[in-house]
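The block underneath contains the structure these notes are about, expressed in structure tokens.
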Amino acid sequence: MDFLPEFLASSWGREFVAGGVGGMAGVVSGYPLDTLRVLQQSSPSGSAFSILRNVVCAEGPIALYRGMAAPMAAVTFQNAMVFQVYAILSRTCDPSVSAKDPPSYKGVALGGFGTGAIQSLLLSPVELVKIRLQLQRDAKSKPHQLQSHNGPIDVAKSIMRAEGLRGMYRGLFITVLREAPSYGLYFWTYEYIREKLHPGCRKTGEESLQTMLVAGGLAGVASWICCYPLDVVKTRLQAQAPSQYLPPRYSGIADCFRKSVREDGYGVLWRGLGTAVSRAFLVNGAIFAAYEIALRCLFSNRSGAIQTEKMQSS
């Protein structure tokens, strides 16, 4: 019964909760665009608008949120882990910097790189389930390629039955290849831009909410642009479901890259980039806004509780 008050009494607990709130805000605000991005990457052709129109007309707007439960369920722990691991690694990677000073840009980049690699262990199976659900709208027209599922748990059970634990981590290696450099660039860009927009804020922590929104949004855009071709290949690999009727279309990363380029040209590696970039700016803005508001509320409530305790004791 006393766990929650004690948990929120610590700065780590408040940051954990605020990170979860920010992550959920990011998922809700950006998920329709994420579904549209996945559909663009997996389809042979079609503009974002035509795909959006076809999905909404055929299944309604709610179809754009299909599979959201999987990332929503994991986002609280994932966000908490990301920021905690990053805080540790950004210091560890450059121990020459004093604890009183902010981490160096070198430590920020290397810490982000390591954080992206570590969090891929959680992200890879979550995205696998999400992608399978986002693409199952084709299940009725292509029954031998995608099996229809009722939700993320049903998808996970199906994968475990058919492929075991190894199947749940299909695409792990390319997820690490995508996440590690993109997180390194993400955190470096965020720290660099916020310092440029508000000089000295890395030491004082007094930057405005607008500064965090802009820096976070631009950092998200930069991180997506640098890794986008890998994300296209990852989506196509994870979209493959084992079938007794058809062999897998792609045997690995290199095979998927080679066949995709041969069939659709190099432009396929950037298909859906506009949607992804728009989503990146929107999602990171929502994440930082929700995180900051939640953190301020939690710290404000804690300060008020401490003052009340002091008044009662006196």
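By convention here, the chains of the structure tokens are called A, B, ... in the order presented, each chain's residues are numbered starting at 1, and ligands are numbered starting at 1 in the order presented.
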
Fewer than 2 positions away in the same chain doesn't count, so skip those; otherwise give me all residues within 12 Å of segment 19-24 of chain A, counting only C-alpha atoms, as a ChimeraX atom specification.
/A:11-17,26-31,68-84,283-295,297-298

Could you give me, as a list in words, the residues within 8 Å of segment 200-210 of chain A, counting only C-alpha atoms and dropping anything in the same chain fewer than 2 positions from it?
Asp101, Pro102, Glu191, Arg194, Glu195, His198, Met212, Leu213, Val214, Ala289 and Glu292 of chain A

Could you take the residues named above and write them with all heavy atoms, as a PDB file, in the first residue's frame?
ATOM      1  N   ASP A 101      29.450  18.813 -14.254  1.00  0.00           N
ATOM      2  CA  ASP A 101      29.229  19.331 -15.602  1.00  0.00           C
ATOM      3  C   ASP A 101      28.360  18.363 -16.401  1.00  0.00           C
ATOM      4  O   ASP A 101      28.310  17.164 -16.108  1.00  0.00           O
ATOM      5  CB  ASP A 101      30.569  19.524 -16.320  1.00  0.00           C
ATOM      6  CG  ASP A 101      31.428  20.586 -15.655  1.00  0.00           C
ATOM      7  OD1 ASP A 101      30.860  21.586 -15.174  1.00  0.00           O
ATOM      8  OD2 ASP A 101      32.669  20.397 -15.613  1.00  0.00           O
ATOM      9  N   PRO A 102      27.684  18.860 -17.442  1.00  0.00           N
ATOM     10  CA  PRO A 102      26.894  17.958 -18.295  1.00  0.00           C
ATOM     11  C   PRO A 102      27.812  17.026 -19.071  1.00  0.00           C
ATOM     12  O   PRO A 102      28.991  17.340 -19.288  1.00  0.00           O
ATOM     13  CB  PRO A 102      26.147  18.920 -19.230  1.00  0.00           C
ATOM     14  CG  PRO A 102      26.983  20.162 -19.251  1.00  0.00           C
ATOM     15  CD  PRO A 102      27.576  20.267 -17.874  1.00  0.00           C
ATOM     16  N   GLU A 191      20.954  17.430 -27.579  1.00  0.00           N
ATOM     17  CA  GLU A 191      21.791  18.217 -26.681  1.00  0.00           C
ATOM     18  C   GLU A 191      22.421  19.416 -27.405  1.00  0.00           C
ATOM     19  O   GLU A 191      22.519  20.514 -26.848  1.00  0.00           O
ATOM     20  CB  GLU A 191      22.902  17.332 -26.089  1.00  0.00           C
ATOM     21  CG  GLU A 191      22.403  16.239 -25.169  1.00  0.00           C
ATOM     22  CD  GLU A 191      21.817  16.776 -23.871  1.00  0.00           C
ATOM     23  OE1 GLU A 191      22.093  17.949 -23.534  1.00  0.00           O
ATOM     24  OE2 GLU A 191      21.083  16.045 -23.201  1.00  0.00           O
ATOM     25  N   ARG A 194      19.500  22.097 -28.284  1.00  0.00           N
ATOM     26  CA  ARG A 194      18.978  22.809 -27.111  1.00  0.00           C
ATOM     27  C   ARG A 194      20.004  23.804 -26.576  1.00  0.00           C
ATOM     28  O   ARG A 194      19.651  24.886 -26.102  1.00  0.00           O
ATOM     29  CB  ARG A 194      18.553  21.825 -26.021  1.00  0.00           C
ATOM     30  CG  ARG A 194      19.683  21.097 -25.310  1.00  0.00           C
ATOM     31  CD  ARG A 194      19.154  19.975 -24.439  1.00  0.00           C
ATOM     32  NE  ARG A 194      18.681  20.468 -23.161  1.00  0.00           N
ATOM     33  CZ  ARG A 194      19.155  20.055 -21.970  1.00  0.00           C
ATOM     34  NH1 ARG A 194      20.124  19.140 -21.930  1.00  0.00           N
ATOM     35  NH2 ARG A 194      18.687  20.519 -20.859  1.00  0.00           N
ATOM     36  N   GLU A 195      21.291  23.472 -26.668  1.00  0.00           N
ATOM     37  CA  GLU A 195      22.337  24.388 -26.218  1.00  0.00           C
ATOM     38  C   GLU A 195      22.432  25.589 -27.163  1.00  0.00           C
ATOM     39  O   GLU A 195      22.669  26.724 -26.705  1.00  0.00           O
ATOM     40  CB  GLU A 195      23.671  23.654 -26.154  1.00  0.00           C
ATOM     41  CG  GLU A 195      24.834  24.505 -25.631  1.00  0.00           C
ATOM     42  CD  GLU A 195      24.692  24.894 -24.173  1.00  0.00           C
ATOM     43  OE1 GLU A 195      23.916  24.227 -23.438  1.00  0.00           O
ATOM     44  OE2 GLU A 195      25.351  25.863 -23.759  1.00  0.00           O
ATOM     45  N   HIS A 198      19.279  27.756 -26.494  1.00  0.00           N
ATOM     46  CA  HIS A 198      19.270  28.346 -25.146  1.00  0.00           C
ATOM     47  C   HIS A 198      20.655  28.157 -24.533  1.00  0.00           C
ATOM     48  O   HIS A 198      20.864  27.222 -23.749  1.00  0.00           O
ATOM     49  CB  HIS A 198      18.200  27.677 -24.295  1.00  0.00           C
ATOM     50  CG  HIS A 198      17.838  28.435 -23.067  1.00  0.00           C
ATOM     51  ND1 HIS A 198      16.543  28.685 -22.667  1.00  0.00           N
ATOM     52  CD2 HIS A 198      18.620  29.041 -22.124  1.00  0.00           C
ATOM     53  CE1 HIS A 198      16.538  29.370 -21.542  1.00  0.00           C
ATOM     54  NE2 HIS A 198      17.787  29.594 -21.190  1.00  0.00           N
ATOM     55  N   MET A 212      12.735  22.634 -25.764  1.00  0.00           N
ATOM     56  CA  MET A 212      12.755  21.172 -25.714  1.00  0.00           C
ATOM     57  C   MET A 212      11.927  20.560 -26.831  1.00  0.00           C
ATOM     58  O   MET A 212      12.311  19.538 -27.412  1.00  0.00           O
ATOM     59  CB  MET A 212      12.257  20.689 -24.359  1.00  0.00           C
ATOM     60  CG  MET A 212      13.244  20.941 -23.228  1.00  0.00           C
ATOM     61  SD  MET A 212      12.763  20.130 -21.708  1.00  0.00           S
ATOM     62  CE  MET A 212      11.261  21.008 -21.339  1.00  0.00           C
ATOM     63  N   LEU A 213      10.802  21.182 -27.141  1.00  0.00           N
ATOM     64  CA  LEU A 213       9.950  20.671 -28.212  1.00  0.00           C
ATOM     65  C   LEU A 213      10.663  20.735 -29.561  1.00  0.00           C
ATOM     66  O   LEU A 213      10.654  19.777 -30.325  1.00  0.00           O
ATOM     67  CB  LEU A 213       8.642  21.468 -28.265  1.00  0.00           C
ATOM     68  CG  LEU A 213       7.658  21.250 -27.121  1.00  0.00           C
ATOM     69  CD1 LEU A 213       6.495  22.233 -27.238  1.00  0.00           C
ATOM     70  CD2 LEU A 213       7.136  19.828 -27.114  1.00  0.00           C
ATOM     71  N   VAL A 214      11.278  21.887 -29.838  1.00  0.00           N
ATOM     72  CA  VAL A 214      11.970  22.057 -31.120  1.00  0.00           C
ATOM     73  C   VAL A 214      13.191  21.143 -31.197  1.00  0.00           C
ATOM     74  O   VAL A 214      13.412  20.456 -32.198  1.00  0.00           O
ATOM     75  CB  VAL A 214      12.386  23.528 -31.330  1.00  0.00           C
ATOM     76  CG1 VAL A 214      13.246  23.674 -32.579  1.00  0.00           C
ATOM     77  CG2 VAL A 214      11.149  24.414 -31.432  1.00  0.00           C
ATOM     78  N   ALA A 289       6.832  17.316 -24.356  1.00  0.00           N
ATOM     79  CA  ALA A 289       5.822  18.146 -23.706  1.00  0.00           C
ATOM     80  C   ALA A 289       5.161  17.389 -22.551  1.00  0.00           C
ATOM     81  O   ALA A 289       5.046  17.903 -21.441  1.00  0.00           O
ATOM     82  CB  ALA A 289       4.771  18.580 -24.729  1.00  0.00           C
ATOM     83  N   GLU A 292       7.696  16.783 -19.651  1.00  0.00           N
ATOM     84  CA  GLU A 292       7.963  17.990 -18.858  1.00  0.00           C
ATOM     85  C   GLU A 292       6.777  18.350 -17.969  1.00  0.00           C
ATOM     86  O   GLU A 292       6.947  18.661 -16.785  1.00  0.00           O
ATOM     87  CB  GLU A 292       8.283  19.162 -19.795  1.00  0.00           C
ATOM     88  CG  GLU A 292       8.542  20.475 -19.089  1.00  0.00           C
ATOM     89  CD  GLU A 292       9.796  20.457 -18.237  1.00  0.00           C
ATOM     90  OE1 GLU A 292      10.635  19.558 -18.432  1.00  0.00           O
ATOM     91  OE2 GLU A 292       9.918  21.342 -17.362  1.00  0.00           O
TER      92      GLU A 292
END

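The list of residues with at least one atom within 6 Å of segment 51-67 of chain A, based on only C-alpha atoms and without residues fewer than 5 positions apart in the same chain, reads Pro32, Thr35, Lys130, Leu133 and Gln134 of chain A.
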
Do you know which residues are at most 7 Å from Gly220 of chain A counting only C-alpha atoms, after dropping those on the same chain fewer than 5 positions away, and could you put them as a list of chain:residue names?
A:Tyr186, A:Ala280, A:Phe281, A:Asn284

Fewer than 3 positions away in the same chain doesn't count, so skip those; otherwise give me all residues within 12 Å of Thr175 of chain A, counting only C-alpha atoms, as a ChimeraX atom specification.
/A:116-128,169-172,178-183,227-235,237-238,253

Atomic distance atom CA of Ser42 of chain A - atom CA of Ala254 of chain A, expressed in Å with one decimal
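Atom CA of Ala254 of chain A lies 16.8 Å from atom CA of Ser42 of chain A.
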
Looking only at the backbone, which of the residues in segment 158-308 of chain A does DSSP tag as alpha helix (DSSP H), as a PyMOL selection string?
chain A and resi 158-168+172-197+201-204+209-238+253-264+273-308

Just give me the gap between atom CA of Gln40 of chain A and atom CA of Gly272 of chain A in Å, one decimal is fine.
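Going from atom CA of Gln40 of chain A over to atom CA of Gly272 of chain A covers 5.6 Å.
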
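Separating atom CA of Leu33 of chain A from atom CA of Ser278 of chain A is a distance of 8.0 Å.
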